[in-house]
Amino acid sequence: MATGKTAGVERPVTVGFPLIRKCQGLDEMRACVALQKEVWGFADIELVPLRMFVVAEKIGGQVIGAFESAELVGFAFAVPGVRDQHPYLYSHMLAVRTEYRNTGLGRRLKLAQRDDALSRDFDLMEWTFDPLEIKNSYFNLEKLGAIARRYNVNQYGITSSPLQGGLPTDRLVAEWWLKSKRVERLLATGKKAEFAVMKTISVPAQIYGWKADPVTRHQAVQVQDRNREEFQNAFSSGLAVLGYKRDPQGNGEFLLGKWDERDL
């Protein structure tokens, strides 16, 4: 999406071309809450409530919706933050209705977030994402040009969402440097700058099945535990996640190297 979440298995369908604009009024904010529950399947106690959507829009955050006629089919939700005296936008959720996934709508919502952020002089957006989610990792790193160099262990505790499979909610922190050479080149040409790969961390394609089945869930836990240690060791030695690779069998692989601050 995650988020920052993007949930569910995407499949190609024939749909319209939704209009993307800022959400307005309580009814559209309520539609965001309802779509959030539809996409992630959270218990009510874990939902971001209506009040937070309303507050975010009023304090400089973002509630950007995708509308098919008057129906909300996707949204991006962000709040302002400050880290090391650097203001940024934290994108907490990106939700897309099932039939609109794999149509480019998620990317359009992220680019709308970027346009709005740049218009208000933000140069950084952050969000977190599950490093076991192969497609979402590829999207964040290869399609948007985000990087990651922080790892949060069990960030939300054990969640009610069936997508998590009862595993700890470990998250990578995505940094999207909106004006960086890396991002501007990628959005303009579709190509990232090359870098020296110094380490790789793999995620097997079977991870989704392992998480979903109580009999095999221990295998998903083993992958998560192994990768958690590898990420933490890599980040402590100064490496960053700069790319992602998928093979024809659906396996994923994080590509780590040295992040050059001059690219900002």
# chains A, B, ... in the order shown; residues from 1 in each chain; ligands from 1

$ select_by_dssp --residues "range 33-255 of chain A" --states "strand (DSSP E)" --output "tab-separated table (two decimals) with N, CA and C atoms, in the first residue's frame"
chain	number	residue	atom	x	y	z
A	62	GLN	N	-3.30	14.98	2.77
A	62	GLN	CA	-3.90	14.69	1.45
A	62	GLN	C	-4.99	13.63	1.60
A	63	VAL	N	-6.13	13.88	1.03
A	63	VAL	CA	-7.14	12.85	0.82
A	63	VAL	C	-7.55	12.98	-0.65
A	64	ILE	N	-6.89	12.20	-1.48
A	64	ILE	CA	-7.06	12.29	-2.93
A	64	ILE	C	-7.81	11.05	-3.40
A	65	GLY	N	-8.90	11.27	-4.12
A	65	GLY	CA	-9.75	10.17	-4.54
A	65	GLY	C	-9.72	9.93	-6.04
A	66	ALA	N	-10.06	8.69	-6.42
A	66	ALA	CA	-10.27	8.33	-7.83
A	66	ALA	C	-11.76	8.01	-7.98
A	67	PHE	N	-12.43	8.71	-8.90
A	67	PHE	CA	-13.88	8.61	-9.01
A	67	PHE	C	-14.29	8.12	-10.40
A	68	GLU	N	-15.12	7.10	-10.40
A	68	GLU	CA	-15.80	6.64	-11.61
A	68	GLU	C	-17.22	7.18	-11.52
A	71	GLU	N	-18.73	7.54	-7.96
A	71	GLU	CA	-18.33	6.45	-7.08
A	71	GLU	C	-16.83	6.47	-6.83
A	72	LEU	N	-16.46	6.40	-5.56
A	72	LEU	CA	-15.05	6.33	-5.18
A	72	LEU	C	-14.51	4.93	-5.44
A	73	VAL	N	-13.46	4.81	-6.25
A	73	VAL	CA	-12.88	3.50	-6.55
A	73	VAL	C	-11.42	3.40	-6.09
A	74	GLY	N	-10.89	4.48	-5.54
A	74	GLY	CA	-9.53	4.45	-5.01
A	74	GLY	C	-9.25	5.74	-4.26
A	75	PHE	N	-8.28	5.69	-3.36
A	75	PHE	CA	-7.89	6.93	-2.66
A	75	PHE	C	-6.46	6.81	-2.16
A	76	ALA	N	-5.85	7.96	-1.94
A	76	ALA	CA	-4.54	8.07	-1.29
A	76	ALA	C	-4.69	9.02	-0.11
A	77	PHE	N	-4.15	8.62	1.03
A	77	PHE	CA	-4.33	9.35	2.28
A	77	PHE	C	-2.97	9.62	2.90
A	78	ALA	N	-2.67	10.90	3.18
A	78	ALA	CA	-1.37	11.27	3.75
A	78	ALA	C	-1.55	12.35	4.80
A	79	VAL	N	-0.61	12.38	5.74
A	79	VAL	CA	-0.59	13.41	6.78
A	79	VAL	C	0.80	14.04	6.81
A	80	PRO	N	0.91	15.30	7.24
A	80	PRO	CA	2.23	15.93	7.31
A	80	PRO	C	3.03	15.43	8.50
A	81	GLY	N	4.34	15.42	8.35
A	81	GLY	CA	5.23	15.00	9.43
A	81	GLY	C	6.54	15.77	9.37
A	82	VAL	N	7.36	15.59	10.40
A	82	VAL	CA	8.69	16.21	10.46
A	82	VAL	C	9.66	15.17	11.01
A	83	ARG	N	10.78	14.99	10.35
A	83	ARG	CA	11.83	14.09	10.83
A	83	ARG	C	13.16	14.78	10.64
A	86	HIS	N	13.07	18.04	9.06
A	86	HIS	CA	12.75	18.07	7.63
A	86	HIS	C	11.25	17.76	7.46
A	87	PRO	N	10.44	18.72	6.98
A	87	PRO	CA	9.02	18.45	6.79
A	87	PRO	C	8.79	17.52	5.60
A	88	TYR	N	7.82	16.65	5.72
A	88	TYR	CA	7.49	15.73	4.64
A	88	TYR	C	6.03	15.32	4.75
A	89	LEU	N	5.54	14.58	3.77
A	89	LEU	CA	4.21	14.00	3.82
A	89	LEU	C	4.33	12.50	4.02
A	90	TYR	N	3.58	11.97	4.98
A	90	TYR	CA	3.57	10.54	5.24
A	90	TYR	C	2.30	9.95	4.62
A	91	SER	N	2.49	9.13	3.59
A	91	SER	CA	1.37	8.51	2.88
A	91	SER	C	0.98	7.22	3.59
A	92	HIS	N	-0.08	7.29	4.37
A	92	HIS	CA	-0.45	6.16	5.22
A	92	HIS	C	-1.22	5.08	4.47
A	93	MET	N	-1.99	5.45	3.46
A	93	MET	CA	-2.81	4.46	2.76
A	93	MET	C	-2.93	4.78	1.28
A	94	LEU	N	-2.89	3.73	0.48
A	94	LEU	CA	-3.26	3.80	-0.94
A	94	LEU	C	-4.17	2.61	-1.19
A	95	ALA	N	-5.43	2.86	-1.50
A	95	ALA	CA	-6.42	1.80	-1.69
A	95	ALA	C	-7.01	1.88	-3.08
A	96	VAL	N	-7.15	0.72	-3.71
A	96	VAL	CA	-7.77	0.63	-5.04
A	96	VAL	C	-8.74	-0.53	-5.04
A	124	LEU	N	9.77	15.51	-0.09
A	124	LEU	CA	9.86	14.13	0.37
A	124	LEU	C	8.49	13.60	0.77
A	125	MET	N	8.20	12.37	0.34
A	125	MET	CA	7.08	11.60	0.86
A	125	MET	C	7.62	10.29	1.39
A	126	GLU	N	7.02	9.82	2.48
A	126	GLU	CA	7.40	8.52	3.02
A	126	GLU	C	6.16	7.67	3.23
A	127	TRP	N	6.36	6.37	3.25
A	127	TRP	CA	5.31	5.43	3.63
A	127	TRP	C	6.00	4.13	4.00
A	128	THR	N	5.25	3.20	4.56
A	128	THR	CA	5.83	1.89	4.86
A	128	THR	C	5.16	0.83	4.00
A	129	PHE	N	5.89	-0.26	3.76
A	129	PHE	CA	5.32	-1.36	2.99
A	129	PHE	C	5.90	-2.68	3.48
A	147	ILE	N	13.34	4.68	-2.32
A	147	ILE	CA	14.44	3.91	-1.74
A	147	ILE	C	14.02	3.50	-0.33
A	148	ALA	N	14.75	2.59	0.29
A	148	ALA	CA	14.47	2.19	1.67
A	148	ALA	C	15.78	1.94	2.39
A	149	ARG	N	15.87	2.47	3.60
A	149	ARG	CA	17.07	2.25	4.43
A	149	ARG	C	16.73	2.19	5.92
A	150	ARG	N	15.46	1.94	6.21
A	150	ARG	CA	15.00	1.74	7.59
A	150	ARG	C	14.02	0.58	7.62
A	151	TYR	N	14.05	-0.16	8.71
A	151	TYR	CA	13.21	-1.36	8.88
A	151	TYR	C	12.53	-1.28	10.24
A	152	ASN	N	11.20	-1.32	10.25
A	152	ASN	CA	10.43	-1.28	11.50
A	152	ASN	C	9.89	-2.68	11.81
A	171	ARG	N	7.83	-3.73	8.50
A	171	ARG	CA	7.68	-2.80	7.39
A	171	ARG	C	9.02	-2.17	7.02
A	172	LEU	N	9.24	-2.03	5.71
A	172	LEU	CA	10.29	-1.16	5.20
A	172	LEU	C	9.73	0.25	5.08
A	173	VAL	N	10.58	1.25	5.33
A	173	VAL	CA	10.17	2.65	5.18
A	173	VAL	C	10.63	3.15	3.82
A	174	ALA	N	9.66	3.49	2.98
A	174	ALA	CA	9.96	4.03	1.65
A	174	ALA	C	10.21	5.53	1.76
A	175	GLU	N	11.29	5.98	1.15
A	175	GLU	CA	11.57	7.41	1.01
A	175	GLU	C	11.45	7.76	-0.47
A	176	TRP	N	10.54	8.65	-0.78
A	176	TRP	CA	10.33	9.09	-2.17
A	176	TRP	C	10.78	10.54	-2.27
A	177	TRP	N	12.01	10.71	-2.73
A	177	TRP	CA	12.58	12.05	-2.86
A	177	TRP	C	12.09	12.64	-4.17
A	199	LYS	N	24.35	-6.30	-2.43
A	199	LYS	CA	23.68	-7.35	-1.67
A	199	LYS	C	22.29	-7.57	-2.25
A	200	THR	N	21.79	-8.79	-2.15
A	200	THR	CA	20.41	-9.10	-2.55
A	200	THR	C	19.70	-9.82	-1.40
A	201	ILE	N	18.39	-9.60	-1.31
A	201	ILE	CA	17.54	-10.27	-0.31
A	201	ILE	C	16.32	-10.79	-1.05
A	202	SER	N	16.06	-12.09	-0.94
A	202	SER	CA	15.05	-12.72	-1.79
A	202	SER	C	13.75	-13.01	-1.04
A	203	VAL	N	12.65	-13.05	-1.81
A	203	VAL	CA	11.33	-13.41	-1.30
A	203	VAL	C	10.74	-14.44	-2.27
A	240	ALA	N	21.41	0.63	1.19
A	240	ALA	CA	20.02	1.01	1.01
A	240	ALA	C	19.40	0.14	-0.07
A	241	VAL	N	18.09	-0.06	0.01
A	241	VAL	CA	17.38	-0.76	-1.06
A	241	VAL	C	17.17	0.22	-2.20
A	242	LEU	N	17.71	-0.10	-3.37
A	242	LEU	CA	17.65	0.81	-4.51
A	242	LEU	C	16.95	0.21	-5.72
A	243	GLY	N	16.62	-1.07	-5.67
A	243	GLY	CA	15.96	-1.69	-6.82
A	243	GLY	C	15.31	-2.99	-6.44
A	244	TYR	N	14.60	-3.56	-7.40
A	244	TYR	CA	13.87	-4.81	-7.15
A	244	TYR	C	13.77	-5.58	-8.46
A	245	LYS	N	13.90	-6.89	-8.35
A	245	LYS	CA	13.87	-7.74	-9.54
A	245	LYS	C	12.89	-8.88	-9.32
A	246	ARG	N	12.13	-9.21	-10.36
A	246	ARG	CA	11.23	-10.37	-10.33
A	246	ARG	C	11.62	-11.31	-11.46
A	252	GLY	N	10.76	-12.68	-5.90
A	252	GLY	CA	11.23	-11.31	-5.83
A	252	GLY	C	12.61	-11.21	-5.21
A	253	GLU	N	13.32	-10.13	-5.54
A	253	GLU	CA	14.67	-9.95	-5.01
A	253	GLU	C	14.96	-8.46	-4.83
A	254	PHE	N	15.21	-8.06	-3.59
A	254	PHE	CA	15.64	-6.69	-3.31
A	254	PHE	C	17.09	-6.52	-3.72
A	255	LEU	N	17.39	-5.37	-4.32
A	255	LEU	CA	18.74	-5.05	-4.75
A	255	LEU	C	19.26	-3.89	-3.91

$ closest_atom_pairs --of "range 49-159 of chain A" --to "range 207-224 of chain A" --cutoff "10 Å" --atoms "only C-alpha atoms" --output "CSV"
residue,atom,partner,partner_atom,distance
A:Pro131,CA,A:Gln224,CA,8.4
A:Leu132,CA,A:Ile207,CA,7.2
A:Glu133,CA,A:Tyr208,CA,8.1
A:Ile134,CA,A:Ile207,CA,9.0

$ atom_distance --atom1 "CA of Phe139 in chain A" --atom2 "CA of Val197 in chain A"
18.9 Å

$ closest_residue --among "A:Arg21, A:Arg108, A:Lys179, A:Lys143" --to "Phe122 in chain A" --atoms "only C-alpha atoms"
A:Lys179

$ select_by_dssp --residues "range 49-139 of chain A" --states "helix (DSSP H, G or I)" --output "number ranges by chain"
A: 50-58, 98-100, 105-119, 134-139

$ residues_around --residues "Gly238 in chain A" --least-positions-apart "6" --cutoff "10 Å" --atoms "only C-alpha atoms" --output "mmCIF file with N, CA and C atoms, in the first residue's frame"
data_model
loop_
_atom_site.group_PDB
_atom_site.id
_atom_site.type_symbol
_atom_site.label_atom_id
_atom_site.label_comp_id
_atom_site.auth_asym_id
_atom_site.auth_seq_id
_atom_site.Cartn_x
_atom_site.Cartn_y
_atom_site.Cartn_z
ATOM 1 N N ARG A 149 15.873 2.469 3.604
ATOM 2 C CA ARG A 149 17.072 2.245 4.432
ATOM 3 C C ARG A 149 16.733 2.186 5.916
ATOM 4 N N LEU A 256 20.345 -4.118 -3.196
ATOM 5 C CA LEU A 256 20.864 -3.112 -2.276
ATOM 6 C C LEU A 256 22.215 -2.598 -2.742
ATOM 7 N N GLY A 257 22.433 -1.314 -2.505
ATOM 8 C CA GLY A 257 23.696 -0.689 -2.845
ATOM 9 C C GLY A 257 23.879 0.574 -2.033
ATOM 10 N N LYS A 258 24.832 1.405 -2.435
ATOM 11 C CA LYS A 258 25.116 2.656 -1.741
ATOM 12 C C LYS A 258 24.250 3.773 -2.329
ATOM 13 N N TRP A 259 23.524 4.482 -1.455
ATOM 14 C CA TRP A 259 22.716 5.622 -1.874
ATOM 15 C C TRP A 259 23.585 6.872 -1.846
#

$ atom_distance --atom1 "CA of Gly250 in chain A" --atom2 "CA of Asn102 in chain A"
15.8 Å

$ residues_around --residues "Glu38 in chain A" --least-positions-apart "4" --cutoff "10 Å" --atoms "only C-alpha atoms" --output "short mmCIF file (atom, residue, chain, number, x, y, z; two decimals) with C-alpha atoms, in the first residue's frame"
data_model
loop_
_atom_site.label_atom_id
_atom_site.label_comp_id
_atom_site.auth_asym_id
_atom_site.auth_seq_id
_atom_site.Cartn_x
_atom_site.Cartn_y
_atom_site.Cartn_z
CA CYS A 32 -12.79 6.40 1.93
CA VAL A 33 -13.43 4.71 5.28
CA ALA A 34 -15.73 2.16 3.62
CA PHE A 42 -9.72 -4.74 9.07
CA ALA A 95 -6.42 1.80 -1.69
CA VAL A 96 -7.77 0.63 -5.04
CA ARG A 97 -10.98 -1.35 -5.53
CA THR A 98 -10.36 -4.88 -6.80
#
